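> Handing you a structure now.
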Amino acid sequence: MESVKLMSPGVYTIGNFGGVKCSNTRVYCDTTTGGGGWLVIQRRKDGSVDFNRDWIDYEDGFGNLNGEVWFGLSGMHTFTNQGQWELRIDYTFTNGTKGYLSYSNFRVGPATEHYSLTISGFDGVTTDPFSYNNAMKFTTRDKDNDRSGSTHNCALNYGGGGWWYNYCSHIGLNHQYNHKYTIALNGQWHPLPFIEIKIRPKDCII
């Protein structure tokens, strides 16, 4: 596969990414972390963008590619529906300590499956907070697809942020910004003032 090589991290207009054709799509590419080749699909860093949104916004994407952003479920499906993709989550705790989680298999299903999540192959030194959400459909404040029952919407419970909720979650990176229940690692919940989720094709030459 043709490699993804760019001069520096930033916003680019691309016609092809990891072998997936995409007509003049604007994306943020991380060309340095872990060897580079990453497409950023979510970023939280200052609370400047409201993630308390309806289904259509989460489907289409919103925010600022250079700032806080959600790439959009439709775009995620377009990319991950072809080939095999890996996912990396970089985060910073409130005390400034940085960490990351990585998964060797990531896919977002089509709209007809409510953009269901496939995630596996965790690699990290903490407990795995995300595999609990495997095979879950996406839930937003106006479209409840979680497993907690018709009277309880997990998205609404955490500030309106859409996510692949099960009976809610051990990880919710679109919760209200810096929410105290953003991620559970080794039995302890943490807020996260900085989050960046990124994906790349597994056979990308970097």
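Following the order of the structure tokens, chains are lettered A, B, ..., residues in each are numbered from 1, and ligands are numbered from 1.
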Report as a PDB file with all heavy atoms, in the first residue's frame all protein, DNA and RNA residues lying within 8 Å of Arg44 (chain A), evaluated on only C-alpha atoms, omitting residues in the same chain fewer than 4 positions from it.

```
ATOM      1  N   GLY A  67      -8.775  22.416  16.078  1.00  0.00           N
ATOM      2  CA  GLY A  67      -9.121  22.529  17.494  1.00  0.00           C
ATOM      3  C   GLY A  67      -9.912  21.330  17.945  1.00  0.00           C
ATOM      4  O   GLY A  67      -9.520  20.187  17.719  1.00  0.00           O
ATOM      5  N   GLU A  68     -11.049  21.583  18.583  1.00  0.00           N
ATOM      6  CA  GLU A  68     -11.908  20.490  19.010  1.00  0.00           C
ATOM      7  C   GLU A  68     -12.759  20.030  17.835  1.00  0.00           C
ATOM      8  O   GLU A  68     -13.379  20.850  17.142  1.00  0.00           O
ATOM      9  CB  GLU A  68     -12.784  20.931  20.187  1.00  0.00           C
ATOM     10  CG  GLU A  68     -11.962  21.293  21.420  1.00  0.00           C
ATOM     11  CD  GLU A  68     -12.767  21.137  22.702  1.00  0.00           C
ATOM     12  OE1 GLU A  68     -13.984  21.408  22.690  1.00  0.00           O
ATOM     13  OE2 GLU A  68     -12.172  20.751  23.720  1.00  0.00           O
ATOM     14  N   VAL A  69     -12.814  18.722  17.652  1.00  0.00           N
ATOM     15  CA  VAL A  69     -13.443  18.223  16.424  1.00  0.00           C
ATOM     16  C   VAL A  69     -14.002  16.812  16.622  1.00  0.00           C
ATOM     17  O   VAL A  69     -13.484  16.028  17.431  1.00  0.00           O
ATOM     18  CB  VAL A  69     -12.420  18.229  15.258  1.00  0.00           C
ATOM     19  CG1 VAL A  69     -11.294  17.229  15.496  1.00  0.00           C
ATOM     20  CG2 VAL A  69     -13.094  17.987  13.913  1.00  0.00           C
ATOM     21  N   TYR A 177     -17.278  18.191  28.665  1.00  0.00           N
ATOM     22  CA  TYR A 177     -15.828  18.384  28.687  1.00  0.00           C
ATOM     23  C   TYR A 177     -15.248  18.219  30.096  1.00  0.00           C
ATOM     24  O   TYR A 177     -15.733  18.798  31.059  1.00  0.00           O
ATOM     25  CB  TYR A 177     -15.464  19.766  28.145  1.00  0.00           C
ATOM     26  CG  TYR A 177     -13.980  20.054  28.223  1.00  0.00           C
ATOM     27  CD1 TYR A 177     -13.081  19.367  27.414  1.00  0.00           C
ATOM     28  CD2 TYR A 177     -13.478  20.987  29.127  1.00  0.00           C
ATOM     29  CE1 TYR A 177     -11.723  19.597  27.496  1.00  0.00           C
ATOM     30  CE2 TYR A 177     -12.118  21.236  29.214  1.00  0.00           C
ATOM     31  CZ  TYR A 177     -11.238  20.534  28.393  1.00  0.00           C
ATOM     32  OH  TYR A 177      -9.879  20.770  28.485  1.00  0.00           O
ATOM     33  N   PRO A 193      -8.593  16.491  30.407  1.00  0.00           N
ATOM     34  CA  PRO A 193      -8.618  17.795  29.751  1.00  0.00           C
ATOM     35  C   PRO A 193      -8.140  17.758  28.306  1.00  0.00           C
ATOM     36  O   PRO A 193      -8.432  18.670  27.535  1.00  0.00           O
ATOM     37  CB  PRO A 193      -7.694  18.656  30.616  1.00  0.00           C
ATOM     38  CG  PRO A 193      -6.804  17.677  31.312  1.00  0.00           C
ATOM     39  CD  PRO A 193      -7.620  16.449  31.524  1.00  0.00           C
ATOM     40  N   PHE A 194      -7.394  16.696  27.924  1.00  0.00           N
ATOM     41  CA  PHE A 194      -6.982  16.550  26.526  1.00  0.00           C
ATOM     42  C   PHE A 194      -7.216  15.115  26.078  1.00  0.00           C
ATOM     43  O   PHE A 194      -6.831  14.160  26.763  1.00  0.00           O
ATOM     44  CB  PHE A 194      -5.501  16.896  26.334  1.00  0.00           C
ATOM     45  CG  PHE A 194      -5.035  16.672  24.907  1.00  0.00           C
ATOM     46  CD1 PHE A 194      -5.241  17.631  23.939  1.00  0.00           C
ATOM     47  CD2 PHE A 194      -4.422  15.474  24.546  1.00  0.00           C
ATOM     48  CE1 PHE A 194      -4.833  17.416  22.621  1.00  0.00           C
ATOM     49  CE2 PHE A 194      -4.010  15.252  23.239  1.00  0.00           C
ATOM     50  CZ  PHE A 194      -4.219  16.222  22.274  1.00  0.00           C
ATOM     51  N   ILE A 195      -7.857  14.987  24.903  1.00  0.00           N
ATOM     52  CA  ILE A 195      -8.101  13.687  24.280  1.00  0.00           C
ATOM     53  C   ILE A 195      -7.894  13.845  22.778  1.00  0.00           C
ATOM     54  O   ILE A 195      -8.332  14.834  22.185  1.00  0.00           O
ATOM     55  CB  ILE A 195      -9.542  13.198  24.502  1.00  0.00           C
ATOM     56  CG1 ILE A 195      -9.938  13.218  25.974  1.00  0.00           C
ATOM     57  CG2 ILE A 195      -9.745  11.815  23.890  1.00  0.00           C
ATOM     58  CD1 ILE A 195     -11.447  13.178  26.183  1.00  0.00           C
ATOM     59  N   GLU A 196      -7.248  12.867  22.173  1.00  0.00           N
ATOM     60  CA  GLU A 196      -7.167  12.835  20.715  1.00  0.00           C
ATOM     61  C   GLU A 196      -7.293  11.380  20.253  1.00  0.00           C
ATOM     62  O   GLU A 196      -6.503  10.526  20.657  1.00  0.00           O
ATOM     63  CB  GLU A 196      -5.858  13.442  20.210  1.00  0.00           C
ATOM     64  CG  GLU A 196      -5.850  13.690  18.707  1.00  0.00           C
ATOM     65  CD  GLU A 196      -4.663  14.529  18.275  1.00  0.00           C
ATOM     66  OE1 GLU A 196      -3.566  13.944  18.092  1.00  0.00           O
ATOM     67  OE2 GLU A 196      -4.816  15.766  18.134  1.00  0.00           O
TER      68      GLU A 196
END
```
> Neighbours of Asn174 (chain A) within 8 Å (only C-alpha atoms; same-chain residues fewer than 2 positions away dropped), as a list in words?
Phe51, Gly161, Gly162, Trp163, Gly172, Gln176 and Tyr177 of chain A
> May I have the residues from that selection written out with N, CA and C atoms, as a PDB file, in the first residue's frame?

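Output file again-v4.pdb follows:
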```pdb
ATOM      1  N   PHE A  51     -20.245  19.323  22.600  1.00  0.00           N
ATOM      2  CA  PHE A  51     -20.474  17.963  22.121  1.00  0.00           C
ATOM      3  C   PHE A  51     -21.863  17.442  22.511  1.00  0.00           C
ATOM      4  N   GLY A 161     -23.256  13.893  25.231  1.00  0.00           N
ATOM      5  CA  GLY A 161     -22.287  13.453  24.233  1.00  0.00           C
ATOM      6  C   GLY A 161     -22.589  12.072  23.691  1.00  0.00           C
ATOM      7  N   GLY A 162     -22.630  11.934  22.367  1.00  0.00           N
ATOM      8  CA  GLY A 162     -22.904  10.655  21.741  1.00  0.00           C
ATOM      9  C   GLY A 162     -21.738   9.687  21.893  1.00  0.00           C
ATOM     10  N   TRP A 163     -22.059   8.365  21.954  1.00  0.00           N
ATOM     11  CA  TRP A 163     -21.005   7.357  22.116  1.00  0.00           C
ATOM     12  C   TRP A 163     -21.589   5.974  21.852  1.00  0.00           C
ATOM     13  N   GLY A 172     -16.064   7.320  27.905  1.00  0.00           N
ATOM     14  CA  GLY A 172     -17.004   8.172  27.181  1.00  0.00           C
ATOM     15  C   GLY A 172     -16.310   9.462  26.805  1.00  0.00           C
ATOM     16  N   GLN A 176     -19.565  15.488  28.629  1.00  0.00           N
ATOM     17  CA  GLN A 176     -19.334  16.896  28.931  1.00  0.00           C
ATOM     18  C   GLN A 176     -17.837  17.101  29.170  1.00  0.00           C
ATOM     19  N   TYR A 177     -17.278  18.191  28.665  1.00  0.00           N
ATOM     20  CA  TYR A 177     -15.828  18.384  28.687  1.00  0.00           C
ATOM     21  C   TYR A 177     -15.248  18.219  30.096  1.00  0.00           C
TER      22      TYR A 177
END
```
> Which polymer residues have any atom within 12 Å of an atom of Ile171 (chain A), counting only C-alpha atoms, with same-chain residues fewer than 3 positions away left out, as an MDAnalysis selection string?
chainID A and resid 89 101 127:134 154:155 158 161:168 174:175 179:185 187:192 195
> Report, in Å to a single decimal, how far apart CA of Arg107 (chain A) and CA of Asn66 (chain A) are.
24.0 Å
> Based on the backbone DSSP call, show me all residues of chain A assigned strand (DSSP E), as a PyMOL selection string.
chain A and resi 10-17+20-30+38-44+62-63+69-70+85-92+98-108+117-123+183-185+188-190+194-201
> Measuring between only C-alpha atoms, which one of A:Arg43, A:Arg200, A:Arg147, A:Arg141 shows the shortest distance to Phe71 (chain A)?
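Closest residue, counting only C-alpha atoms: A:Arg43.
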> Kindly indicate which residue among A:Val27, A:Val11, A:Met76, A:Met136 lies nearest to Ser148 (chain A), using only C-alpha atoms for the distances.
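Residue with the minimum atom-to-atom distance to Ser148 (chain A): A:Met136.
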